[in-house]
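Structure data (mmCIF, C-alpha atoms) from structure34.cif:
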data_work
loop_
_atom_site.label_atom_id
_atom_site.label_comp_id
_atom_site.auth_asym_id
_atom_site.auth_seq_id
_atom_site.Cartn_x
_atom_site.Cartn_y
_atom_site.Cartn_z
CA MET A 17 56.48 -34.97 2.99
CA HIS A 18 58.30 -31.99 1.46
CA ASN A 19 57.99 -28.34 0.55
CA GLY A 20 55.85 -27.71 3.61
CA GLU A 21 53.15 -30.17 2.54
CA ARG A 22 51.24 -31.91 5.28
CA SER A 23 50.91 -35.67 5.15
CA LEU A 24 47.72 -37.43 4.19
CA ALA A 25 47.18 -38.38 7.84
CA GLU A 26 47.50 -34.70 8.80
CA LEU A 27 45.05 -33.74 6.07
CA ASP A 28 42.56 -36.36 7.28
CA LYS A 29 42.76 -34.97 10.81
CA ALA A 30 42.21 -31.43 9.57
CA VAL A 31 39.18 -32.47 7.48
CA THR A 32 37.37 -33.85 10.53
CA SER A 33 37.33 -30.49 12.31
CA CYS A 34 35.95 -28.42 9.40
CA ARG A 35 32.86 -26.30 10.15
CA ALA A 36 32.88 -24.14 7.02
CA CYS A 37 29.30 -24.85 5.85
CA PRO A 38 26.71 -23.98 8.53
CA ARG A 39 23.84 -25.86 6.84
CA LEU A 40 25.88 -29.06 6.66
CA VAL A 41 27.17 -28.74 10.22
CA THR A 42 23.61 -28.40 11.49
CA TRP A 43 22.37 -31.33 9.43
CA ARG A 44 25.18 -33.80 10.10
CA GLU A 45 24.89 -33.24 13.85
CA GLY A 46 21.09 -32.96 14.04
CA VAL A 47 20.33 -36.10 12.03
CA ALA A 48 22.41 -38.33 14.33
CA GLY A 49 20.30 -40.97 16.03
CA THR A 50 17.07 -40.06 14.26
CA LYS A 51 16.75 -43.33 12.35
CA ALA A 52 15.04 -46.03 14.39
CA ALA A 53 17.48 -48.75 13.33
CA PHE A 54 20.40 -46.82 14.81
CA ARG A 55 18.73 -45.04 17.72
CA GLY A 56 21.04 -44.88 20.71
CA GLU A 57 24.13 -45.51 18.58
CA ALA A 58 26.94 -42.97 18.84
CA TYR A 59 27.32 -41.17 15.51
CA TRP A 60 30.54 -39.80 14.01
CA ALA A 61 28.61 -36.64 12.94
CA ARG A 62 31.71 -34.87 11.58
CA PRO A 63 33.27 -34.44 8.15
CA VAL A 64 34.47 -37.80 6.82
CA PRO A 65 38.09 -38.13 5.67
CA GLY A 66 39.26 -40.29 2.80
CA PHE A 67 39.89 -43.98 3.40
CA GLY A 68 42.73 -46.03 1.97
CA PRO A 69 46.52 -46.10 1.77
CA PRO A 70 48.57 -42.94 1.13
CA ASP A 71 50.28 -44.54 -1.89
CA ALA A 72 47.07 -45.61 -3.64
CA SER A 73 47.15 -46.00 -7.41
CA ILE A 74 43.34 -45.90 -7.71
CA ALA A 75 41.02 -43.25 -6.28
CA VAL A 76 37.26 -43.67 -6.07
CA VAL A 77 35.29 -40.41 -6.10
CA GLY A 78 31.75 -40.50 -4.73
CA LEU A 79 29.32 -37.71 -3.86
CA ALA A 80 29.06 -37.13 -0.10
CA PRO A 81 28.64 -39.16 3.10
CA SER A 82 25.13 -40.43 3.76
CA ALA A 83 23.30 -39.36 6.91
CA HIS A 84 23.19 -42.84 8.46
CA GLY A 85 26.17 -44.38 6.65
CA ALA A 86 29.53 -42.62 6.78
CA ASN A 87 28.08 -39.84 8.95
CA ARG A 88 27.31 -42.59 11.48
CA THR A 89 30.37 -44.80 11.13
CA GLY A 90 33.08 -42.26 10.30
CA ARG A 91 34.39 -44.14 7.27
CA MET A 92 33.72 -43.31 3.65
CA PHE A 93 31.04 -45.52 2.01
CA THR A 94 30.50 -47.50 5.21
CA GLY A 95 27.24 -48.45 6.86
CA ASP A 96 24.68 -47.97 4.08
CA PRO A 97 23.44 -49.89 1.01
CA SER A 98 25.72 -48.01 -1.41
CA GLY A 99 28.74 -49.00 0.64
CA ASP A 100 27.57 -52.59 0.96
CA PHE A 101 27.36 -52.81 -2.84
CA LEU A 102 30.71 -51.07 -3.43
CA PHE A 103 32.75 -53.19 -1.01
CA ARG A 104 31.42 -56.44 -2.47
CA VAL A 105 32.74 -55.27 -5.84
CA LEU A 106 36.07 -54.08 -4.44
CA HIS A 107 36.62 -57.41 -2.72
CA GLU A 108 35.72 -59.38 -5.84
CA VAL A 109 38.25 -57.51 -7.98
CA GLY A 110 41.01 -57.77 -5.36
CA LEU A 111 41.01 -54.23 -3.98
CA ALA A 112 39.59 -54.94 -0.50
CA SER A 113 40.49 -57.52 2.13
CA GLN A 114 36.86 -58.42 2.85
CA PRO A 115 33.44 -57.89 1.19
CA THR A 116 31.90 -55.97 4.11
CA SER A 117 32.60 -52.60 5.70
CA GLU A 118 30.68 -52.11 8.92
CA ARG A 119 32.57 -49.68 11.12
CA LEU A 120 35.97 -48.29 12.04
CA GLY A 121 38.21 -51.02 13.40
CA ASP A 122 36.44 -53.94 11.66
CA GLY A 123 39.65 -55.16 10.06
CA LEU A 124 38.94 -53.96 6.54
CA GLU A 125 41.92 -52.95 4.41
CA LEU A 126 41.91 -51.46 0.93
CA TYR A 127 44.66 -52.45 -1.49
CA ARG A 128 46.10 -49.70 -3.74
CA THR A 129 42.75 -47.89 -3.49
CA ARG A 130 41.54 -44.77 -1.68
CA LEU A 131 37.94 -43.60 -1.33
CA VAL A 132 37.42 -39.84 -1.50
CA SER A 133 34.47 -37.48 -1.80
CA PRO A 134 33.96 -33.98 -3.22
CA VAL A 135 31.78 -33.10 -0.20
CA ARG A 136 32.86 -34.40 3.21
CA CYS A 137 29.69 -33.79 5.25
CA ALA A 138 26.32 -35.49 4.92
CA PRO A 139 23.95 -33.10 3.11
CA PRO A 140 20.14 -32.98 3.43
CA GLU A 141 18.51 -35.25 0.82
CA ASN A 142 22.01 -36.18 -0.42
CA LYS A 143 22.08 -32.86 -2.29
CA PRO A 144 24.95 -30.49 -1.53
CA THR A 145 24.61 -27.01 -2.99
CA PRO A 146 27.10 -25.77 -5.60
CA ALA A 147 28.48 -23.38 -2.97
CA GLU A 148 29.02 -26.25 -0.50
CA ARG A 149 30.73 -28.30 -3.21
CA ASP A 150 33.05 -25.39 -4.03
CA THR A 151 33.80 -24.66 -0.37
CA CYS A 152 34.81 -28.29 0.11
CA ARG A 153 36.89 -28.44 -3.08
CA PRO A 154 40.28 -27.61 -1.49
CA TRP A 155 40.16 -30.81 0.57
CA LEU A 156 39.80 -32.93 -2.58
CA ALA A 157 42.45 -30.90 -4.41
CA GLU A 158 44.99 -31.35 -1.62
CA GLU A 159 44.21 -35.04 -1.27
CA LEU A 160 44.73 -35.70 -4.98
CA THR A 161 47.94 -33.67 -4.94
CA LEU A 162 49.28 -35.87 -2.14
CA LEU A 163 48.24 -39.00 -4.05
CA ARG A 164 49.66 -37.78 -7.36
CA PRO A 165 53.02 -39.60 -7.23
CA THR A 166 51.27 -42.99 -7.29
CA LEU A 167 47.80 -42.18 -8.68
CA ARG A 168 47.12 -43.76 -12.09
CA ALA A 169 43.33 -44.24 -12.22
CA ILE A 170 40.22 -42.58 -10.83
CA VAL A 171 36.79 -44.21 -10.82
CA VAL A 172 34.08 -41.56 -10.56
CA LEU A 173 30.71 -42.72 -9.24
CA GLY A 174 28.06 -40.47 -10.76
CA ALA A 175 27.71 -37.16 -12.55
CA PHE A 176 28.06 -35.00 -9.42
CA GLY A 177 31.48 -36.44 -8.66
CA TRP A 178 32.52 -36.11 -12.30
CA GLN A 179 31.54 -32.44 -12.45
CA ALA A 180 33.28 -31.76 -9.14
CA LEU A 181 36.46 -33.63 -10.05
CA LEU A 182 37.35 -32.28 -13.49
CA PRO A 183 37.97 -28.66 -12.38
CA VAL A 184 40.19 -29.97 -9.58
CA LEU A 185 42.25 -32.03 -12.03
CA ALA A 186 42.51 -29.10 -14.45
CA ALA A 187 43.67 -26.72 -11.70
CA ALA A 188 46.27 -29.28 -10.60
CA GLY A 189 47.78 -29.35 -14.08
CA TRP A 190 46.25 -32.42 -15.66
CA PRO A 191 45.29 -31.71 -19.32
CA VAL A 192 41.48 -31.84 -19.01
CA PRO A 193 39.94 -31.02 -22.44
CA ARG A 194 37.78 -27.95 -22.99
CA PRO A 195 34.88 -28.10 -23.15
CA ARG A 196 34.98 -30.62 -20.35
CA PRO A 197 33.75 -34.07 -21.38
CA ALA A 198 30.28 -35.08 -20.21
CA PHE A 199 29.77 -37.85 -17.68
CA ALA A 200 28.74 -41.26 -18.99
CA HIS A 201 28.95 -44.77 -17.64
CA GLY A 202 31.96 -46.34 -19.33
CA ALA A 203 33.53 -43.00 -20.26
CA VAL A 204 37.32 -42.98 -20.12
CA LEU A 205 39.50 -39.86 -20.09
CA GLU A 206 43.21 -40.21 -20.80
CA LEU A 207 45.06 -37.39 -19.05
CA ASP A 208 48.77 -38.07 -19.53
CA ASP A 209 49.59 -40.75 -16.93
CA LEU A 210 46.08 -40.70 -15.42
CA ARG A 211 42.92 -42.51 -16.58
CA VAL A 212 39.53 -41.31 -15.36
CA PHE A 213 36.64 -43.80 -15.57
CA GLY A 214 32.97 -42.87 -15.38
CA CYS A 215 30.65 -45.25 -13.54
CA TYR A 216 27.01 -44.89 -12.53
CA HIS A 217 26.66 -44.28 -8.80
CA VAL A 218 25.91 -47.40 -6.76
CA SER A 219 22.91 -45.77 -5.05
CA PRO A 220 19.97 -47.97 -4.04
CA ARG A 221 17.80 -46.30 -6.69
CA ASN A 222 20.26 -47.08 -9.47
CA VAL A 223 20.72 -50.64 -8.26
CA GLN A 224 17.00 -51.33 -7.80
CA THR A 225 16.14 -50.00 -11.26
CA ARG A 226 19.10 -51.95 -12.68
CA LEU A 227 20.56 -48.84 -14.22
CA VAL A 228 23.73 -50.28 -12.75
CA THR A 229 24.57 -53.88 -11.87
CA HIS A 230 27.34 -55.59 -9.94
CA ALA A 231 28.87 -56.83 -13.19
CA MET A 232 28.86 -53.34 -14.73
CA VAL A 233 30.68 -51.82 -11.76
CA ALA A 234 33.11 -54.72 -11.52
CA ASP A 235 34.01 -54.24 -15.20
CA VAL A 236 34.90 -50.58 -14.59
CA PHE A 237 37.08 -51.45 -11.61
CA ARG A 238 38.81 -54.23 -13.53
CA ALA A 239 39.62 -51.70 -16.26
CA ALA A 240 41.04 -49.31 -13.67
CA THR A 241 43.03 -52.12 -12.08
CA SER A 242 44.47 -53.17 -15.43
CA VAL A 243 45.80 -49.63 -15.95
CA THR A 244 47.62 -49.68 -12.64
CA ALA A 245 48.87 -53.24 -13.11
CA SER A 246 50.56 -52.29 -16.36
CA ASP A 247 52.16 -49.17 -14.90
#
Go ahead and render the structure in this file as structure tokens.
Amino acid sequence: MHNGERSLAELDKAVTSCRACPRLVTWREGVAGTKAAFRGEAYWARPVPGFGPPDASIAVVGLAPSAHGANRTGRMFTGDPSGDFLFRVLHEVGLASQPTSERLGDGLELYRTRLVSPVRCAPPENKPTPAERDTCRPWLAEELTLLRPTLRAIVVLGAFGWQALLPVLAAAGWPVPRPRPAFAHGAVLELDDLRVFGCYHVSPRNVQTRLVTHAMVADVFRAATSVTASD
């Protein structure tokens, strides 16, 4: 830590106390315990910090916590079908210690990889507003700045994350082209020492319709891993 910067652990702690978006605060707290499968379970019901080591070489950018996933468990991409899919892939390609992520304290470790999100609170219908995305942007910007010394690849899950990420990278000094490139599965941006990979989101809808498959996502992560391995 230098030049007055806070550490990633300090940033994570600060994220969890944010109440900047009234609609999201109301939703994340009010939805807790409303799903029959989890009734009576204590919910996290706060903003969700990033998850993974502070010297990660790969970042994974999603959309936002889900109401009964990360909003329940307190860990990014944990406790819902999207997370179940993602962690099986991460384990297969050697970036996670186990193929399941159930809750805080379950023994899971990520290797060289950190999960982040443009919006840190669960939004109604999984749809943050542009204003909520922009209000939350400084958290992502600071997190990527802290990761910058070791960050070499970013896997972006879905168009929302792509559109939220590129302005952050541009403002931080990475040479993002103008006009900004459109999202596509398999897209790769080369930004000096950073590679940005587009990947369809691993949502249940995308998986069920086979817009995205396990093999497709694994291929993207293997490409990202190969970039960091050759660094």
Residues selected by the PyMOL selection byres ((chain A and resi 192-204) around 12), written as a ChimeraX atom specification | /A:169-191,205-208,210-218,227-229,232-240,243
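Distance annotation: of A:Leu167, A:Cys34, A:Val41, A:Val76, the residue with the minimal separation from Pro140 (chain A) is A:Val41; atom set is all atoms listed in the file.
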Might you spell out which residues the PyMOL selection byres ((chain A and resi 80) around 12) would select in the displayed file, as JSON, numbers by chain?
-> {"A": [40, 44, 63, 64, 65, 66, 77, 78, 79, 81, 82, 83, 84, 85, 86, 87, 91, 92, 93, 94, 98, 99, 131, 132, 133, 134, 135, 136, 137, 138, 139, 140, 141, 142, 143, 144, 145, 148, 149, 152, 156, 173, 174, 176, 177, 180, 217, 219]}
The centre and edge lengths of an axis-aligned box containing all atoms of region 55-58 of chain A present in the file, extended by 5 Å on each side, are to be given in Å to one decimal, as lines of an AutoDock Vina configuration file.
center_x = 22.8
center_y = -44.2
center_z = 19.2
size_x = 18.2
size_y = 12.5
size_z = 13.0
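Here CA of Arg221 (chain A) and CA of Glu118 (chain A) stand 21.1 Å from one another.
Going from CA of Glu26 (chain A) over to CA of Arg88 (chain A), you cover 21.8 Å.
Rounded to one decimal, CA of Gly110 (chain A) and CA of Asp122 (chain A) lie 18.0 Å from each other.
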Go through the shown structure with the PyMOL selection byres ((chain A and resi 24) around 7) and write out the matching residues as a VMD selection string.
-> chain A and resid 22 to 23 25 to 28 70 159 162
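Nearest residue to Phe101 (chain A), choosing from A:Pro115, A:Thr89, A:Ala58, A:Gly123 and counting all atoms listed in the file: A:Pro115.
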Could you add N, CA, C and O atoms to region 100-117 of chain A and give me the result as a short mmCIF file (atom, residue, chain, number, x, y, z; two decimals), in the frame of the given file?
data_model
loop_
_atom_site.label_atom_id
_atom_site.label_comp_id
_atom_site.auth_asym_id
_atom_site.auth_seq_id
_atom_site.Cartn_x
_atom_site.Cartn_y
_atom_site.Cartn_z
N ASP A 100 27.64 -51.12 1.00
CA ASP A 100 27.57 -52.59 0.96
C ASP A 100 27.81 -53.10 -0.46
O ASP A 100 28.55 -54.08 -0.67
N PHE A 101 27.21 -52.43 -1.43
CA PHE A 101 27.36 -52.81 -2.84
C PHE A 101 28.82 -52.60 -3.27
O PHE A 101 29.44 -53.49 -3.86
N LEU A 102 29.37 -51.41 -2.97
CA LEU A 102 30.71 -51.07 -3.43
C LEU A 102 31.76 -52.03 -2.88
O LEU A 102 32.64 -52.49 -3.63
N PHE A 103 31.70 -52.35 -1.59
CA PHE A 103 32.75 -53.19 -1.01
C PHE A 103 32.68 -54.63 -1.50
O PHE A 103 33.71 -55.30 -1.58
N ARG A 104 31.49 -55.10 -1.85
CA ARG A 104 31.42 -56.44 -2.47
C ARG A 104 32.18 -56.44 -3.79
O ARG A 104 32.91 -57.40 -4.11
N VAL A 105 32.03 -55.37 -4.58
CA VAL A 105 32.74 -55.27 -5.84
C VAL A 105 34.25 -55.16 -5.60
O VAL A 105 35.05 -55.87 -6.23
N LEU A 106 34.64 -54.28 -4.69
CA LEU A 106 36.07 -54.08 -4.44
C LEU A 106 36.74 -55.37 -3.98
O LEU A 106 37.88 -55.67 -4.37
N HIS A 107 36.05 -56.14 -3.17
CA HIS A 107 36.62 -57.41 -2.72
C HIS A 107 36.73 -58.40 -3.88
O HIS A 107 37.74 -59.08 -4.03
N GLU A 108 35.72 -58.44 -4.70
CA GLU A 108 35.72 -59.38 -5.84
C GLU A 108 36.89 -59.11 -6.79
O GLU A 108 37.49 -60.05 -7.31
N VAL A 109 37.19 -57.83 -7.01
CA VAL A 109 38.25 -57.51 -7.98
C VAL A 109 39.63 -57.38 -7.31
O VAL A 109 40.60 -57.00 -7.97
N GLY A 110 39.71 -57.71 -6.03
CA GLY A 110 41.01 -57.77 -5.36
C GLY A 110 41.50 -56.47 -4.77
O GLY A 110 42.69 -56.34 -4.49
N LEU A 111 40.58 -55.53 -4.52
CA LEU A 111 41.01 -54.23 -3.98
C LEU A 111 40.63 -54.04 -2.52
O LEU A 111 40.97 -53.01 -1.93
N ALA A 112 39.96 -55.02 -1.92
CA ALA A 112 39.59 -54.94 -0.50
C ALA A 112 39.80 -56.30 0.15
O ALA A 112 39.62 -57.34 -0.48
N SER A 113 40.16 -56.28 1.42
CA SER A 113 40.49 -57.52 2.13
C SER A 113 39.26 -58.34 2.50
O SER A 113 39.38 -59.53 2.79
N GLN A 114 38.09 -57.71 2.51
CA GLN A 114 36.86 -58.42 2.85
C GLN A 114 35.69 -57.74 2.12
O GLN A 114 35.81 -56.59 1.70
N PRO A 115 34.56 -58.44 1.98
CA PRO A 115 33.44 -57.89 1.19
C PRO A 115 32.50 -56.99 1.98
O PRO A 115 31.53 -56.48 1.43
N THR A 116 32.77 -56.80 3.27
CA THR A 116 31.90 -55.97 4.11
C THR A 116 32.70 -54.87 4.78
O THR A 116 33.87 -55.03 5.11
N SER A 117 32.02 -53.74 4.99
CA SER A 117 32.60 -52.60 5.70
C SER A 117 31.54 -52.09 6.66
O SER A 117 30.55 -51.48 6.26
#
